[in-house]
$ cat work06.txt   # compact mmCIF, C-alpha atoms
# COMPACT_ATOMS: atom_id res chain seq x y z
CA MET A 1 -5.69 5.60 55.58
CA TYR A 2 -6.55 6.74 59.07
CA LYS A 3 -6.80 4.00 61.68
CA ALA A 4 -7.50 4.48 65.38
CA LYS A 5 -7.47 2.21 68.41
CA LEU A 6 -11.07 1.01 68.54
CA GLY A 7 -12.62 -1.86 70.47
CA LYS A 8 -14.87 -4.40 68.73
CA ASN A 9 -18.02 -2.61 69.84
CA GLU A 10 -16.74 0.77 68.61
CA GLN A 11 -15.70 -0.79 65.29
CA GLU A 12 -19.23 -2.04 64.72
CA ILE A 13 -20.73 1.33 65.61
CA LEU A 14 -18.28 2.91 63.18
CA LEU A 15 -19.54 0.73 60.34
CA GLU A 16 -23.15 1.59 61.20
CA LEU A 17 -22.27 5.29 61.24
CA LEU A 18 -20.46 5.13 57.92
CA LYS A 19 -23.35 3.23 56.36
CA LEU A 20 -25.73 5.94 57.54
CA VAL A 21 -23.48 8.72 56.22
CA SER A 22 -22.98 7.07 52.84
CA GLU A 23 -26.70 6.39 52.35
CA ILE A 24 -28.05 9.71 53.60
CA ASP A 25 -27.98 11.22 50.11
CA ARG A 26 -29.38 7.99 48.58
CA ASN A 27 -26.33 7.73 46.37
CA VAL A 28 -23.61 5.42 47.71
CA THR A 29 -20.55 6.00 45.55
CA TYR A 30 -17.81 3.54 44.64
CA ASP A 31 -15.28 5.57 46.64
CA GLU A 32 -17.47 5.38 49.74
CA MET A 33 -17.96 1.64 49.37
CA ASP A 34 -14.24 1.17 48.82
CA MET A 35 -13.34 3.17 51.94
CA ILE A 36 -15.74 1.15 54.09
CA TYR A 37 -14.27 -2.06 52.65
CA GLN A 38 -10.70 -0.88 53.32
CA LEU A 39 -11.61 0.05 56.89
CA LYS A 40 -13.10 -3.39 57.48
CA MET A 41 -9.83 -4.92 56.27
CA ASN A 42 -7.70 -2.56 58.40
CA TYR A 43 -9.69 -3.30 61.53
CA GLY A 44 -9.89 -7.01 60.80
CA ILE A 45 -13.70 -7.03 60.64
CA LYS A 46 -15.11 -10.05 58.83
CA ASP A 47 -18.67 -11.02 57.93
CA TYR A 48 -20.29 -8.15 59.78
CA GLU A 49 -24.07 -8.03 59.37
CA PHE A 50 -25.39 -4.48 59.48
CA GLU A 51 -28.10 -3.72 62.01
CA ASN A 52 -29.19 -0.60 60.09
CA TYR A 53 -29.02 1.67 63.13
CA SER A 54 -31.07 4.84 62.96
CA ARG A 55 -29.72 8.32 63.61
CA ASP A 56 -31.16 8.19 67.13
CA ASP A 57 -29.64 4.76 67.77
CA ILE A 58 -26.19 6.04 66.93
CA ARG A 59 -26.62 9.18 69.00
CA ARG A 60 -27.58 7.08 72.02
CA LEU A 61 -24.45 4.98 71.55
CA PHE A 62 -22.28 8.08 71.14
CA GLU A 63 -23.56 9.43 74.45
CA GLU A 64 -22.25 6.30 76.18
CA MET A 65 -18.77 6.49 74.61
CA ASN A 66 -15.64 8.13 75.94
CA LYS A 67 -14.52 11.32 74.21
CA ILE A 68 -11.57 9.72 72.40
CA ASP A 69 -13.77 7.12 70.71
CA VAL A 70 -16.21 9.86 69.70
CA LEU A 71 -13.31 11.81 68.19
CA ASN A 72 -12.14 8.78 66.20
CA LEU A 73 -15.57 7.83 64.87
CA PHE A 74 -16.38 11.39 63.85
CA THR A 75 -13.04 11.70 62.10
CA HIS A 76 -13.80 8.57 60.07
CA ALA A 77 -17.26 9.91 59.20
CA ILE A 78 -15.87 13.21 57.93
CA LEU A 79 -13.14 11.46 55.94
CA LEU A 80 -15.80 9.25 54.35
CA GLY A 81 -17.86 12.28 53.38
CA LEU A 82 -14.79 13.84 51.78
CA THR A 83 -14.07 10.86 49.50
CA ASP A 84 -16.15 12.59 46.82
CA GLY A 85 -14.20 15.80 47.26
CA LYS A 86 -16.77 17.63 49.36
CA ILE A 87 -19.24 16.74 52.10
CA ASP A 88 -22.69 17.33 50.64
CA SER A 89 -25.44 19.13 52.54
CA ASN A 90 -27.21 15.95 53.71
CA GLU A 91 -24.00 14.37 55.01
CA GLN A 92 -23.00 17.61 56.72
CA GLU A 93 -26.43 17.99 58.34
CA LEU A 94 -26.22 14.44 59.70
CA ILE A 95 -22.73 14.86 61.15
CA LYS A 96 -23.60 18.30 62.52
CA SER A 97 -26.59 16.83 64.38
CA TYR A 98 -24.13 14.91 66.59
CA PHE A 99 -21.51 17.61 66.92
CA ASP A 100 -22.70 18.91 70.27
CA LEU A 101 -21.14 15.72 71.68
CA VAL A 102 -17.66 16.82 70.55
CA SER A 103 -15.53 18.91 72.88
CA LEU A 104 -13.76 21.98 71.50
CA GLU A 105 -10.40 20.41 72.28
CA ASN A 106 -11.30 17.30 70.30
CA ALA A 107 -12.62 19.41 67.43
CA GLY A 108 -9.14 20.88 67.12
CA GLU A 109 -7.60 17.40 67.14
CA MET A 110 -10.05 16.25 64.46
CA GLN A 111 -9.05 19.19 62.27
CA LYS A 112 -5.41 18.07 62.45
CA LEU A 113 -6.36 14.51 61.45
CA ILE A 114 -8.55 15.70 58.59
CA ASP A 115 -5.76 17.95 57.31
CA LYS A 116 -3.41 14.96 57.40
CA PHE A 117 -5.58 12.20 55.92
CA ALA A 118 -8.27 13.84 53.78
CA THR A 119 -7.86 14.14 50.03
CA SER A 120 -9.59 17.53 50.06
CA LYS A 121 -9.75 20.40 52.53
CA PHE A 122 -12.49 20.77 55.11
CA ASP A 123 -12.87 23.37 57.86
CA ILE A 124 -14.26 21.81 61.03
CA LYS A 125 -15.90 25.10 62.03
CA GLU A 126 -18.61 24.41 59.43
CA LEU A 127 -20.01 21.80 61.81
CA PHE A 128 -20.51 24.24 64.68
CA VAL A 129 -24.01 25.60 64.99
CA ARG A 130 -23.69 29.37 64.99
CA PRO A 131 -26.05 31.05 67.43
CA SER A 132 -27.95 34.21 66.57
CA ASN A 133 -26.58 37.60 67.63
CA ASP A 134 -29.26 37.88 70.32
CA GLU A 135 -28.34 34.46 71.72
CA ILE A 136 -24.65 35.40 71.68
CA ASN A 137 -25.26 38.67 73.49
CA ILE A 138 -27.44 37.12 76.19
CA GLU A 139 -25.06 34.23 76.85
CA SER A 140 -22.00 36.50 76.73
CA MET A 141 -23.37 38.97 79.26
CA ASP A 142 -24.53 36.18 81.55
CA MET A 143 -21.06 34.62 81.49
CA MET A 144 -19.43 38.01 82.08
CA ASN A 145 -21.64 38.52 85.14
CA ASP A 146 -20.66 35.09 86.44
CA PHE A 147 -16.97 35.95 86.03
CA SER A 148 -17.57 39.16 87.97
CA ASN A 149 -17.78 37.04 91.12
CA ASN A 150 -14.10 36.16 90.70
CA SER A 151 -11.20 38.26 91.94
CA ALA A 152 -8.57 40.19 90.00
CA GLU A 153 -6.00 37.56 91.05
CA ASP A 154 -7.79 35.05 88.80
CA ILE A 155 -6.71 36.97 85.70
CA ASN A 156 -3.55 35.53 84.16
CA GLU A 157 -1.63 38.52 82.79
CA ASN A 158 0.31 36.44 80.24
CA SER A 159 -2.91 34.96 78.85
CA LEU A 160 -4.47 38.40 78.70
CA MET A 161 -1.59 39.95 76.74
CA LYS A 162 -1.79 37.15 74.18
CA MET A 163 -5.32 38.26 73.30
CA GLN A 164 -4.10 41.28 71.31
CA LYS A 165 -5.10 39.78 67.97
CA GLY A 166 -7.83 39.83 65.33
CA PRO A 167 -10.78 42.11 66.16
CA ILE A 168 -9.48 42.57 69.72
CA LYS A 169 -6.68 44.79 68.35
CA LYS A 170 -9.24 47.48 67.55
CA VAL A 171 -10.41 47.65 71.16
CA TRP A 172 -7.08 46.88 72.83
CA PHE A 173 -6.92 50.34 74.42
CA GLN A 174 -10.23 49.50 76.12
CA VAL A 175 -8.81 46.18 77.33
CA MET A 176 -5.88 48.07 78.84
CA ASN A 177 -8.27 50.52 80.47
CA LEU A 178 -10.07 47.60 82.12
CA TRP A 179 -6.73 46.16 83.20
CA THR A 180 -5.87 49.52 84.81
CA VAL A 181 -9.21 49.55 86.65
CA VAL A 182 -8.62 46.03 87.94
CA ASN A 183 -5.20 46.92 89.33
CA ASP A 184 -6.21 50.27 90.81
CA GLN A 185 -6.54 49.91 94.58
CA ASN A 186 -8.90 52.89 94.59
CA SER A 187 -11.41 51.25 92.24
CA ALA A 188 -14.80 50.61 93.82
CA ASN A 189 -15.66 46.94 94.29
CA LYS A 190 -18.52 47.03 91.75
CA VAL A 191 -16.33 48.77 89.18
CA LYS A 192 -13.52 46.27 89.68
CA ALA A 193 -16.02 43.39 89.43
CA ILE A 194 -17.28 44.55 86.02
CA ALA A 195 -13.74 44.97 84.69
CA THR A 196 -12.68 41.60 86.12
CA GLY A 197 -15.68 39.84 84.58
CA ALA A 198 -14.96 41.27 81.13
CA LEU A 199 -11.25 40.38 81.19
CA LEU A 200 -11.86 36.85 82.43
CA TYR A 201 -14.42 36.38 79.68
CA LEU A 202 -11.84 37.57 77.15
CA ILE A 203 -9.20 35.00 78.14
CA PHE A 204 -11.70 32.16 78.74
CA PRO A 205 -11.57 29.86 75.65
CA LEU A 206 -15.07 28.36 75.94
CA ASP A 207 -17.27 31.41 75.53
CA ALA A 208 -20.40 32.05 73.45
CA ILE A 209 -18.43 31.63 70.22
CA PRO A 210 -15.44 29.28 70.68
CA ASP A 211 -12.17 31.12 70.09
CA ILE A 212 -10.89 28.21 67.96
CA ILE A 213 -13.29 29.35 65.22
CA PRO A 214 -11.36 31.74 62.97
CA ALA A 215 -12.83 35.24 62.39
CA LEU A 216 -15.94 34.58 64.48
CA GLY A 217 -14.21 33.44 67.64
CA LEU A 218 -13.40 36.85 69.12
CA THR A 219 -16.42 38.89 68.00
CA ASP A 220 -18.37 38.19 71.18
CA ASP A 221 -15.30 39.11 73.24
CA VAL A 222 -15.31 42.54 71.58
CA ALA A 223 -18.98 42.93 72.47
CA VAL A 224 -18.29 42.10 76.13
CA ILE A 225 -15.34 44.51 76.35
CA THR A 226 -17.40 47.30 74.77
CA TYR A 227 -20.35 46.55 77.05
CA ALA A 228 -18.17 46.69 80.16
CA ILE A 229 -16.56 49.97 79.10
CA SER A 230 -19.98 51.47 78.33
CA ASN A 231 -21.27 50.53 81.80
CA LEU A 232 -18.24 51.92 83.59
CA THR A 233 -18.38 55.27 81.80
CA LYS A 234 -22.16 55.68 81.78
CA TYR A 235 -23.13 54.50 85.26
CA TYR A 236 -19.94 54.83 87.31
CA GLY A 237 -18.35 57.94 85.82
CA ILE A 238 -15.04 56.24 85.10
CA THR A 239 -12.77 58.30 82.86
CA LEU A 240 -10.91 56.12 80.38
CA LYS A 241 -7.82 56.88 78.32
CA LYS A 242 -7.64 56.60 74.55
$ encode --input "work06.txt" --output "structure tokens"
Amino acid sequence: MYKAKLGKNEQEILLELLKLVSEIDRNVTYDEMDMIYQLKMNYGIKDYEFENYSRDDIRRLFEEMNKIDVLNLFTHAILLGLTDGKIDSNEQELIKSYFDLVSLENAGEMQKLIDKFATSKFDIKELFVRPSNDEINIESMDMMNDFSNNSAEDINENSLMKMQKGPIKKVWFQVMNLWTVVNDQNSANKVKAIATGALLYLIFPLDAIPDIIPALGLTDDVAVITYAISNLTKYYGITLKK
């Protein structure tokens, strides 16, 4: 059974969270009750009287915690939901409502813990709220424009070359065209800025769709690369190689 280093206050919040998760579907199972009991024993918690915190109460407390405690409490909540083999829709909706408080780095760490301690498989990406295509496009282009203010020296070549994977493979020749533009001393400043913005967006891990999400994680990067290429050829007359 998973056990983390939690202070007394965090242990009590954990119990309140687990109570909320187990009761959200109005059907507290024996396995859920047993896990909560075992956790109380593992953490040495005796005679705890539940305060029956609401969803908002727990969110407020989460916002005051450090990121490691949030990681540990969320991991426990997901493991509790998986005691029945699968997190049901109500449990998932509850956990997802807090998931904006979890960093992408910690989401990856939670996946490792779930893979190690859960009795059934669960993909952490199911807890990420997926934005609409319009939202992705707007945010992606805004971020690309922000990156355009950087210089070509900010692009790490090793990181860039590692991006030849998944859907990026299909547009890799366009990535290389942008890389050529960036390194061409004769490129106009505006042209180089567009190419730089697109390549920095590509290697930046925290974009509109996090790259840690399989399949989805690089689709917005493809859109940005294609958008940059389209602009360079349409408005700046840049000739690109196939």
$ residues_around --input "work06.txt" --residues "Lys19 in chain A" --least-positions-apart "6" --cutoff "10 Å" --atoms "all atoms listed in the file" --output "list in words"
Ile13, Val28, Glu32, Met33, Ile36, Phe50, Asn52, Tyr53, Ala77 and Leu80 of chain A
$ atom_distance --input "work06.txt" --atom1 "CA of Leu71 in chain A" --atom2 "CA of Lys162 in chain A"
28.5 Å
$ atom_distance --input "work06.txt" --atom1 "CA of Tyr30 in chain A" --atom2 "CA of Asp84 in chain A"
9.5 Å
$ residues_around --input "work06.txt" --residues "range 125-127 of chain A" --least-positions-apart "4" --cutoff "8 Å" --atoms "only C-alpha atoms" --output "JSON, numbers by chain"
{"A": [92, 95, 96, 99, 213]}
$ residues_around --input "work06.txt" --residues "Leu15 in chain A" --least-positions-apart "6" --cutoff "12 Å" --atoms "only C-alpha atoms" --output "NGL selection string"
:A and (6 or 8-9 or 21-22 or 32-33 or 35-41 or 43 or 45-46 or 48-53 or 58 or 73-74 or 76-77 or 80)
$ closest_atom_pairs --input "work06.txt" --of "range 53-151 of chain A" --to "range 197-201 of chain A" --cutoff "7 Å" --atoms "only C-alpha atoms" --output "Markdown table"
| residue | atom | partner | partner_atom | distance |
| --- | --- | --- | --- | --- |
| A:Met144 | CA | A:Gly197 | CA | 4.9 |
| A:Asn145 | CA | A:Gly197 | CA | 6.1 |
| A:Phe147 | CA | A:Gly197 | CA | 4.3 |
| A:Ser148 | CA | A:Gly197 | CA | 3.9 |
$ atom_distance --input "work06.txt" --atom1 "CA of Ala195 in chain A" --atom2 "CA of Thr233 in chain A"
11.7 Å
$ closest_residue --input "work06.txt" --among "A:Leu113, A:Asn186, A:Lys121, A:Ile229" --to "Phe173 in chain A" --atoms "only C-alpha atoms"
A:Ile229
$ build_atoms --input "work06.txt" --residues "range 64-75 of chain A" --atoms "N, CA and C atoms" --output "short mmCIF file (atom, residue, chain, number, x, y, z; two decimals), keeping the file's coordinate frame"
data_model
loop_
_atom_site.label_atom_id
_atom_site.label_comp_id
_atom_site.auth_asym_id
_atom_site.auth_seq_id
_atom_site.Cartn_x
_atom_site.Cartn_y
_atom_site.Cartn_z
N GLU A 64 -22.82 7.24 75.22
CA GLU A 64 -22.25 6.30 76.18
C GLU A 64 -20.75 6.10 75.99
N MET A 65 -20.18 6.69 74.93
CA MET A 65 -18.77 6.49 74.61
C MET A 65 -17.88 7.48 75.34
N ASN A 66 -16.59 7.14 75.44
CA ASN A 66 -15.64 8.13 75.94
C ASN A 66 -15.28 9.09 74.81
N LYS A 67 -14.72 10.23 75.17
CA LYS A 67 -14.52 11.32 74.21
C LYS A 67 -13.51 10.97 73.11
N ILE A 68 -12.56 10.09 73.41
CA ILE A 68 -11.57 9.72 72.40
C ILE A 68 -12.21 8.86 71.31
N ASP A 69 -13.08 7.94 71.71
CA ASP A 69 -13.77 7.12 70.71
C ASP A 69 -14.69 7.98 69.84
N VAL A 70 -15.35 8.95 70.47
CA VAL A 70 -16.21 9.86 69.70
C VAL A 70 -15.37 10.61 68.69
N LEU A 71 -14.21 11.11 69.11
CA LEU A 71 -13.31 11.81 68.19
C LEU A 71 -12.95 10.93 67.00
N ASN A 72 -12.57 9.67 67.28
CA ASN A 72 -12.14 8.78 66.20
C ASN A 72 -13.26 8.43 65.23
N LEU A 73 -14.46 8.18 65.75
CA LEU A 73 -15.57 7.83 64.87
C LEU A 73 -16.00 9.01 64.02
N PHE A 74 -16.03 10.19 64.61
CA PHE A 74 -16.38 11.39 63.85
C PHE A 74 -15.36 11.67 62.76
N THR A 75 -14.09 11.47 63.08
CA THR A 75 -13.04 11.70 62.10
C THR A 75 -13.24 10.78 60.90
#
